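**Q** For reference, the structure I am asking about is given below.
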Amino acid sequence: MRKSAFAVLATLLLTAAGAAFAGSSLAISADVPFAFTVADTTFQAGKYLVTPFGQGSSVLMIRSDDGRKGVLVIVRRHLQSGAEVGNAHLIFNRYGNTYFLSTVWSGSDTGREIYKSRHEREIALGTQKAAETWIAAQVR
């Protein structure tokens with residue numbers, strides 16, 4: 001009973017959050033060709049939306065394009081580049097065949113770095129430096 005109530009609440013929250021984020025400054029979509037993890041949640045390859053929890057927020061929502069799966073994550077830090085970083089893109093840390101969402105760039109000179117999950121920190125302890133994989137995104 002408690003689990004089903006939580007699931008209903010989480011679904012309502014994600015649906016409402018998606019509508020609230022539509023007008024914010026960092027709303028991007030990307031087609032990710034591999035499975036990846038963010039905040040201890042694993043997502044399959046597919047199209048994803050990344051939106052902030054309000055203007056200038058330190059919380060991002062990552063959700064599948066169909067709205068079936070999503071997660072809220074706390075931003076570790078806001079990034080500012082001295083120059084344009086090019087088009088919007090997502091950066092993933094890759095350890096072998098395991099990918100973790102690391103940074104979201106909106107296509108301007110601002111980005112948001114996401115905290116590493118417990119799983120990523122555990123994997124990183126046993127390996128060399130992670131390889132970065134960039135995926136192009138579109139600003140919405």
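Ligands are numbered from 1 in the order shown, chains are lettered A, B, ... in the order of the structure tokens, and residues start at 1 in each chain.
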If you run DSSP on the backbone, which residues of range 79-124 of chain A are strand (DSSP E or B), as a ChimeraX atom specification?

**A** /A:79-80,89-95,98-105,110-114

**Q** Keeping only C-alpha atoms, write the selected residues as an mmCIF file, in the first residue's frame.

**A**
data_model
loop_
_atom_site.group_PDB
_atom_site.id
_atom_site.type_symbol
_atom_site.label_atom_id
_atom_site.label_comp_id
_atom_site.auth_asym_id
_atom_site.auth_seq_id
_atom_site.Cartn_x
_atom_site.Cartn_y
_atom_site.Cartn_z
ATOM 1 C CA LEU A 79 29.419 26.033 -14.678
ATOM 2 C CA GLN A 80 30.335 29.180 -16.566
ATOM 3 C CA HIS A 89 25.029 18.727 -25.291
ATOM 4 C CA LEU A 90 25.157 16.157 -22.526
ATOM 5 C CA ILE A 91 28.425 14.785 -21.198
ATOM 6 C CA PHE A 92 28.610 11.237 -19.840
ATOM 7 C CA ASN A 93 31.418 9.631 -17.842
ATOM 8 C CA ARG A 94 32.148 6.186 -19.281
ATOM 9 C CA TYR A 95 33.778 3.336 -17.363
ATOM 10 C CA THR A 98 28.812 1.813 -18.218
ATOM 11 C CA TYR A 99 27.734 5.435 -18.719
ATOM 12 C CA PHE A 100 26.796 8.069 -16.126
ATOM 13 C CA LEU A 101 25.310 11.472 -16.923
ATOM 14 C CA SER A 102 27.822 14.043 -15.697
ATOM 15 C CA THR A 103 27.152 17.500 -17.157
ATOM 16 C CA VAL A 104 24.392 19.316 -19.035
ATOM 17 C CA TRP A 105 25.295 22.275 -21.303
ATOM 18 C CA THR A 110 26.393 27.869 -18.935
ATOM 19 C CA GLY A 111 26.247 24.296 -17.781
ATOM 20 C CA ARG A 112 25.294 22.209 -14.781
ATOM 21 C CA GLU A 113 27.405 19.453 -13.290
ATOM 22 C CA ILE A 114 25.529 16.628 -11.562
#

**Q** Excluding same-chain residues fewer than 4 positions from range 115-124 of chain A, what lies within 7 Å of it counting only C-alpha atoms, as number ranges by chain?

**A** A: 38-40, 74-76

**Q** Which residues are near Gln138 in chain A? Cut-off 7 Å, only C-alpha atoms, ignore same chain within fewer than 2 positions. Put them as a count of residues only.

**A** 5

**Q** Identify, on the basis of only C-alpha atoms, every residue whose closest approach to Gly86 in chain A does not exceed 10 Å; exclude the query and any residue fewer than 4 positions from it along the same chain; express the result as a PyMOL selection string.

**A** chain A and resi 105-109+136

**Q** Could you please take those selected residues and save N, CA, C and O atoms as a PDB file, in the first residue's frame?

**A**
ATOM      1  N   TRP A 105      25.006  20.941 -20.763  1.00  0.00           N
ATOM      2  CA  TRP A 105      25.295  22.275 -21.303  1.00  0.00           C
ATOM      3  C   TRP A 105      24.110  22.696 -22.148  1.00  0.00           C
ATOM      4  O   TRP A 105      23.628  21.944 -22.987  1.00  0.00           O
ATOM      5  N   SER A 106      23.663  23.926 -21.956  1.00  0.00           N
ATOM      6  CA  SER A 106      22.465  24.407 -22.651  1.00  0.00           C
ATOM      7  C   SER A 106      22.754  24.998 -24.024  1.00  0.00           C
ATOM      8  O   SER A 106      21.854  25.468 -24.686  1.00  0.00           O
ATOM      9  N   GLY A 107      24.004  25.021 -24.440  1.00  0.00           N
ATOM     10  CA  GLY A 107      24.340  25.563 -25.746  1.00  0.00           C
ATOM     11  C   GLY A 107      24.820  26.992 -25.674  1.00  0.00           C
ATOM     12  O   GLY A 107      25.122  27.606 -26.676  1.00  0.00           O
ATOM     13  N   SER A 108      24.894  27.532 -24.508  1.00  0.00           N
ATOM     14  CA  SER A 108      25.441  28.877 -24.333  1.00  0.00           C
ATOM     15  C   SER A 108      26.748  28.722 -23.564  1.00  0.00           C
ATOM     16  O   SER A 108      27.486  27.790 -23.793  1.00  0.00           O
ATOM     17  N   ASP A 109      27.007  29.616 -22.652  1.00  0.00           N
ATOM     18  CA  ASP A 109      28.222  29.493 -21.864  1.00  0.00           C
ATOM     19  C   ASP A 109      27.939  28.969 -20.458  1.00  0.00           C
ATOM     20  O   ASP A 109      28.754  29.079 -19.573  1.00  0.00           O
ATOM     21  N   ALA A 136      25.006  15.246 -28.611  1.00  0.00           N
ATOM     22  CA  ALA A 136      24.384  16.512 -29.022  1.00  0.00           C
ATOM     23  C   ALA A 136      22.950  16.567 -28.515  1.00  0.00           C
ATOM     24  O   ALA A 136      22.272  15.537 -28.418  1.00  0.00           O
TER      25      ALA A 136
END

**Q** I'd like the contact shell of Ile62 in chain A - 10 Å cut-off, only C-alpha atoms, skipping same-chain residues fewer than 2 positions apart - returned as a ChimeraX atom specification.

**A** /A:14,18,28-29,38-39,43,48-52,59-60,64-65,67,69-73,101

**Q** Deliver the residues from the most recent selection as a file, using C-alpha atoms, as a tab-separated table (two decimals), in the first residue's frame.

**A**
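Contents of part.tsv, freshly written:
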chain	number	residue	atom	x	y	z
A	14	LEU	CA	6.94	14.22	-12.36
A	18	GLY	CA	7.27	18.56	-16.54
A	28	ILE	CA	16.90	20.39	-23.83
A	29	SER	CA	16.25	17.06	-25.50
A	38	VAL	CA	21.94	9.15	-13.16
A	39	ALA	CA	21.21	9.41	-9.42
A	43	PHE	CA	17.71	4.55	-18.19
A	48	TYR	CA	15.29	12.21	-23.04
A	49	LEU	CA	14.33	15.66	-21.80
A	50	VAL	CA	16.39	17.63	-19.27
A	51	THR	CA	14.67	20.54	-17.56
A	52	PRO	CA	15.41	22.63	-14.46
A	59	VAL	CA	17.61	20.70	-9.31
A	60	LEU	CA	17.22	19.10	-12.74
A	64	SER	CA	12.13	9.87	-20.93
A	65	ASP	CA	10.39	11.59	-23.84
A	67	GLY	CA	7.20	10.58	-19.59
A	69	LYS	CA	10.50	7.30	-16.30
A	70	GLY	CA	12.23	10.23	-14.70
A	71	VAL	CA	14.39	11.37	-11.83
A	72	LEU	CA	15.12	14.63	-10.04
A	73	VAL	CA	18.81	15.33	-9.38
A	101	LEU	CA	25.31	11.47	-16.92
